[in-house]
Amino acid sequence: MDRQNNILDYLDNIVNICPDKIAYANETDELSFKTVYENSRAIGTFLHNEGKYKEPVVVFMRKHPDTIVAFLGVVYGGCYYVPIDNEMPKHRIELIFQNLKPGAVICDESTIDSIKDFDYKGSVYSYNTIIKTPVNQDALDEIRDKAIDTDPIYIVFTSGSTGKPKGVVACHRSVIDYIETLSEVLEISEDTVFGNQTPLYVDACLKEIYPTLKFGAKTYIIPKELFMFPVKLVEFLNQYKINTVCWVVPALTLISGLGALEKVVPQHLHTIAFGSEVFPIKQFNIWRKTLPNARFINLYGPTEATGMSCYYIVDREFALDEAIPIGRPFKNTEILLLTDDNKLAEKGEQGEICIRGTSLTLGYYNDFERTSEVFVQNPLNTIYPELIYRTGDIGKYNDKGELMFVSRKDYQIKHMGHRIELGEIEMVMNQMDGIQSAACIFDNDKKKIIMYYVGDVTKADAINYCRDKLPRYMVPNLVEKLDVMPLTSNGKINRLALKEMYANR
Amino acid sequence: MEALLEILGELHPEIDFETHKSLIDDKILDSFDIITIIAEINDEYDVAIPAHEITPENFNSASALYELIERLKDED
């Protein structure tokens with residue numbers, strides 16, 4: 001390969017090496033690299049014929065291998081893809097359309113009717129029609145020739161704290177940087193068989209889509225329904241010989257927490273990467289005992305730095321009161337741990353996790369104001385312009401020099417004169433037998449700590465456990481038992497939903 | 001059966017659980033619902049549903065779910 005400046009170089013290269021190998025599949029359909037290549041180039045040509053260029057193209061399709069082809073097709077056309085999904089609340093899609101003002105939407109049969117429900121006046125294209133477009137090689141060559149590696153590839157929308165979604169714009173350069181180093185850490189090869197869990201409308205699915213193209217690996221899209229039936233889910237992994245997963249922690253604890261690993265063992269699984277939430281050690285140990293020879297890798301990173309920024313390959317036992325480190329930054333990424341006065345934190349001292357490097361995305365689409373709040377000049381560099389991304393996450397280094405995630409900056413509260421991390425209370429509660437998940441919020445007006453938990457434990461026992469383990473000022477003032485912990489689309493505990501629950505109680 | 005219908009009714013008031021026979025196939029229930037139902041059944045009937053019984057067949061209708069509960073109670 002010449003010096004790579006475009007993510008499509010992965011596909012252009014691999015299609016010559018293993019054209020007939022299956023790239024993306026689900027339980028009924030499979031697409032070879034050749035099919036992916038031909039269909040996405042047809043879509044690119046179609047967009048060119050329609051005069052669409054350097055603009056957002058919304059991909060509104062069900063979770064299916066075809067959706068990935070549509071993404072790549074948009075990039076062949078010199079545009080950038082914006083994935084949205086039927087599962088998103090209608091209101092959220094409307095907010096996204098308001099921010100984006102898109103001129104083109106690609107639909108499949110499952111969405112082409114529902115697009116009419118939205119206040120959208122632009123073009124609507126049917127996937128099955130546009131993949132029949134005859135490829136115009138000259139046009140695609142010209143688009144490619146003009147493309148540079150800081151051009152956008154996609155926009156994915158994340159929740160904003162104000163409720164207005166933020167569209168994170170990523171370019172070729174940052175995605176290539178991410179895929180190269182991630183693949184090294186996960187030891188991806190042509191033998192890798194991914195089992196995709198995360199939705200295709202979040203950055204998490206980059207981990208499967210692009211390494212598959214880089215190495216000629218294979219990705220199975222696991223039906224969402226299987227994440228209700230843990231034994232069937234493991235059987236699916238075995239049936240398709242899936243050996244690598246990059247899942248959110250709740251997907252893994254669903255399997256271990258409901259006792260599925262006692263019935264059936266994932267036979268081919270050798271690489272388990274996880275992220276989005278702290279992995280409760282009790283659940284983690286069940287996994288590790290079941291698969292003692294597998295590599296377990298904790299990943300950490302914000303959408304704003306393309307995907308993941310830090311990794312830790314589990315190399316030792318963890319006690320119930322420990323947390324798994326987020327470890328160290330990927331190659332070509334630096335973490336600056338900045339204190340409140342913008343100095344580097346000392347060993348053991350807490351600081352905000354800030355990210356420096358090529359992996360930084362371009363910022364938020366059509367929102368210079370919120371971009372400039374978090375993509376800021378590196379305060380340690382007073383000599384020339386250099387951006388860092390402030391994650392709003394608090395971290396510190398442990399005795400081994402490994403980076404530890406402490407909490408979100410916004411969960412750091414002042415209560416009864418003490419600086420408290422709500423995450424610390426959660427970590428203690430998660431160790432209690434019978435607790436599946438615990439989350440705390442803070443009522444700033446009444447100065448109360450409210451804890452929500454899921455598990456087979458009475459409220460009285462939960463509060464007594466806190467009294468045993470925590471200083472008085474950290475014991476929650478109110479405890480509520482839930483059947484299910486609300487999660488965001490990224491698989492994180494939805495603290496905004498908990499706050500609403502508390503406000504409406 | 002009444003208590004089970006109440007548990008299900010609270011999750012999806014819009015569904016007639018006495019007649020609906022394809023709760024999974026029609027995507028009425030999602031993974032949050034399943035986890036909730038397992039927890040509520042545990043509280044209400046003191047029955048722990050083992051992992052291999054968490055299947056689409058057992059959750060496709062209220063009657064299938066009730067049969068499962070009865071069967072698990074007998075096994076105790």
# chains A, B, ... in the order shown; residues from 1 in each chain; ligands from 1
$ interface_residues --of "chain B" --to "chain A" --cutoff "9 Å" --atoms "only C-alpha atoms" --output "list in words"
Ile24, Lys27, Asp30, Ser31, Phe32, Asp33, Ile34, Ile35, Thr36, Ile37, Ala39, Glu40, Asn42, Asp43, Ile49, Pro50, Ala51, His52, Glu53, Ile54, Thr55 and Pro56 of chain B
$ residues_around --residues "Leu362 in chain A" --least-positions-apart "4" --cutoff "7 Å" --atoms "only C-alpha atoms" --output "ChimeraX atom specification"
/A:169-171
$ write_last_selection --atoms "C-alpha atoms" --output "CSV table (one decimal), in the first residue's frame"
chain,number,residue,atom,x,y,z
A,169,VAL,CA,-17.0,14.7,13.3
A,170,ALA,CA,-14.1,12.3,12.6
A,171,CYS,CA,-11.7,12.4,9.7
$ atom_distance --atom1 "CA of Arg328 in chain A" --atom2 "CA of Pro280 in chain A"
20.3 Å
$ closest_residue --among "A:Ile155, A:Ala273, A:Val265, A:Ala345" --to "Glu187 in chain A" --atoms "only C-alpha atoms"
A:Ala273
$ residues_around --residues "Lys21 in chain B" --least-positions-apart "4" --cutoff "10 Å" --atoms "only C-alpha atoms" --output "PDB file with N, CA and C atoms, in the first residue's frame"
ATOM      1  N   ASP B  16     -52.367  -7.002  25.424  1.00  0.00           N
ATOM      2  CA  ASP B  16     -53.246  -7.962  26.102  1.00  0.00           C
ATOM      3  C   ASP B  16     -52.475  -9.274  26.253  1.00  0.00           C
ATOM      4  N   PHE B  17     -51.914  -9.456  27.447  1.00  0.00           N
ATOM      5  CA  PHE B  17     -51.020 -10.601  27.648  1.00  0.00           C
ATOM      6  C   PHE B  17     -51.777 -11.928  27.726  1.00  0.00           C
ATOM      7  N   ASP B  25     -41.193 -12.836  19.236  1.00  0.00           N
ATOM      8  CA  ASP B  25     -41.154 -12.757  17.764  1.00  0.00           C
ATOM      9  C   ASP B  25     -41.620 -11.383  17.268  1.00  0.00           C
ATOM     10  N   ASP B  26     -42.587 -10.792  17.972  1.00  0.00           N
ATOM     11  CA  ASP B  26     -43.078  -9.470  17.561  1.00  0.00           C
ATOM     12  C   ASP B  26     -42.289  -8.324  18.195  1.00  0.00           C
ATOM     13  N   GLU B  57     -38.906 -19.280  23.602  1.00  0.00           N
ATOM     14  CA  GLU B  57     -40.111 -20.102  23.762  1.00  0.00           C
ATOM     15  C   GLU B  57     -40.775 -19.825  25.112  1.00  0.00           C
ATOM     16  N   PHE B  59     -40.610 -17.219  26.952  1.00  0.00           N
ATOM     17  CA  PHE B  59     -41.021 -15.829  27.174  1.00  0.00           C
ATOM     18  C   PHE B  59     -41.972 -15.311  26.085  1.00  0.00           C
ATOM     19  N   ASN B  60     -42.396 -16.178  25.188  1.00  0.00           N
ATOM     20  CA  ASN B  60     -43.205 -15.718  24.070  1.00  0.00           C
ATOM     21  C   ASN B  60     -44.644 -15.385  24.470  1.00  0.00           C
ATOM     22  N   SER B  61     -45.116 -15.979  25.580  1.00  0.00           N
ATOM     23  CA  SER B  61     -46.480 -15.671  26.024  1.00  0.00           C
ATOM     24  C   SER B  61     -46.545 -15.788  27.534  1.00  0.00           C
ATOM     25  N   ALA B  62     -47.567 -15.150  28.109  1.00  0.00           N
ATOM     26  CA  ALA B  62     -47.747 -15.219  29.551  1.00  0.00           C
ATOM     27  C   ALA B  62     -47.990 -16.660  29.979  1.00  0.00           C
ATOM     28  N   SER B  63     -48.749 -17.419  29.169  1.00  0.00           N
ATOM     29  CA  SER B  63     -49.050 -18.793  29.569  1.00  0.00           C
ATOM     30  C   SER B  63     -47.789 -19.656  29.565  1.00  0.00           C
ATOM     31  N   ALA B  64     -46.903 -19.469  28.588  1.00  0.00           N
ATOM     32  CA  ALA B  64     -45.647 -20.231  28.563  1.00  0.00           C
ATOM     33  C   ALA B  64     -44.800 -19.896  29.783  1.00  0.00           C
TER      34      ALA B  64
END
$ residues_around --residues "Phe368 in chain A" --least-positions-apart "5" --cutoff "12 Å" --atoms "only C-alpha atoms" --output "ChimeraX atom specification"
/A:166-168,362-363,373-376
$ select_by_dssp --residues "range 96-299 of chain A" --states "strand (DSSP E)" --output "JSON, numbers by chain"
{"A": [104, 105, 106, 107, 123, 124, 125, 126, 152, 153, 154, 155, 156, 157, 158, 166, 167, 168, 169, 170, 171, 193, 194, 195, 196, 218, 219, 220, 221, 244, 245, 246, 247, 248, 271, 272, 273, 274, 275, 295, 296, 297, 298, 299]}
$ atom_distance --atom1 "CA of Tyr10 in chain A" --atom2 "CA of Tyr37 in chain A"
10.6 Å
$ atom_distance --atom1 "CA of Ile272 in chain A" --atom2 "CA of Asp410 in chain A"
29.6 Å
$ residues_around --residues "Asp340 in chain A" --least-positions-apart "2" --cutoff "10 Å" --atoms "only C-alpha atoms" --output "MDAnalysis selection string"
chainID A and resid 338 342:345 350:352
$ select_by_dssp --residues "range 71-170 of chain A" --states "helix (DSSP H, G or I)" --output "ChimeraX atom specification"
/A:71-76,90-100,114-117,127-130,137-146
$ write_last_selection --atoms "C-alpha atoms" --output "PDB file, in the first residue's frame"
ATOM      1  CA  PHE A  71     -21.289   3.899   5.090  1.00  0.00           C
ATOM      2  CA  LEU A  72     -18.420   3.032   2.763  1.00  0.00           C
ATOM      3  CA  GLY A  73     -20.438   4.070  -0.269  1.00  0.00           C
ATOM      4  CA  VAL A  74     -20.950   7.522   1.196  1.00  0.00           C
ATOM      5  CA  VAL A  75     -17.187   7.863   1.671  1.00  0.00           C
ATOM      6  CA  TYR A  76     -16.536   6.720  -1.940  1.00  0.00           C
ATOM      7  CA  LYS A  90     -38.170  10.275  17.146  1.00  0.00           C
ATOM      8  CA  HIS A  91     -37.451  13.462  19.052  1.00  0.00           C
ATOM      9  CA  ARG A  92     -33.717  12.728  19.038  1.00  0.00           C
ATOM     10  CA  ILE A  93     -33.696  12.131  15.284  1.00  0.00           C
ATOM     11  CA  GLU A  94     -35.483  15.451  14.817  1.00  0.00           C
ATOM     12  CA  LEU A  95     -32.854  17.263  16.875  1.00  0.00           C
ATOM     13  CA  ILE A  96     -30.147  15.595  14.773  1.00  0.00           C
ATOM     14  CA  PHE A  97     -31.847  16.706  11.534  1.00  0.00           C
ATOM     15  CA  GLN A  98     -32.110  20.254  12.878  1.00  0.00           C
ATOM     16  CA  ASN A  99     -28.392  20.334  13.590  1.00  0.00           C
ATOM     17  CA  LEU A 100     -27.411  18.610  10.352  1.00  0.00           C
ATOM     18  CA  SER A 114     -40.942   6.048   8.583  1.00  0.00           C
ATOM     19  CA  ILE A 115     -38.740   8.762   7.032  1.00  0.00           C
ATOM     20  CA  LYS A 116     -41.992  10.391   5.903  1.00  0.00           C
ATOM     21  CA  ASP A 117     -42.859  11.023   9.565  1.00  0.00           C
ATOM     22  CA  TYR A 127     -30.368   1.234  -0.767  1.00  0.00           C
ATOM     23  CA  ASN A 128     -31.504  -1.625  -3.005  1.00  0.00           C
ATOM     24  CA  THR A 129     -31.917   0.747  -5.937  1.00  0.00           C
ATOM     25  CA  ILE A 130     -28.725   2.739  -5.683  1.00  0.00           C
ATOM     26  CA  GLN A 137     -14.391   4.701 -12.399  1.00  0.00           C
ATOM     27  CA  ASP A 138     -13.206   8.119 -13.581  1.00  0.00           C
ATOM     28  CA  ALA A 139     -15.554   9.956 -11.251  1.00  0.00           C
ATOM     29  CA  LEU A 140     -14.526   7.854  -8.233  1.00  0.00           C
ATOM     30  CA  ASP A 141     -10.848   8.336  -9.101  1.00  0.00           C
ATOM     31  CA  GLU A 142     -11.283  12.090  -9.255  1.00  0.00           C
ATOM     32  CA  ILE A 143     -13.115  12.224  -5.911  1.00  0.00           C
ATOM     33  CA  ARG A 144     -10.352  10.133  -4.394  1.00  0.00           C
ATOM     34  CA  ASP A 145      -7.614  12.201  -5.929  1.00  0.00           C
ATOM     35  CA  LYS A 146      -8.984  15.364  -4.351  1.00  0.00           C
TER      36      LYS A 146
END
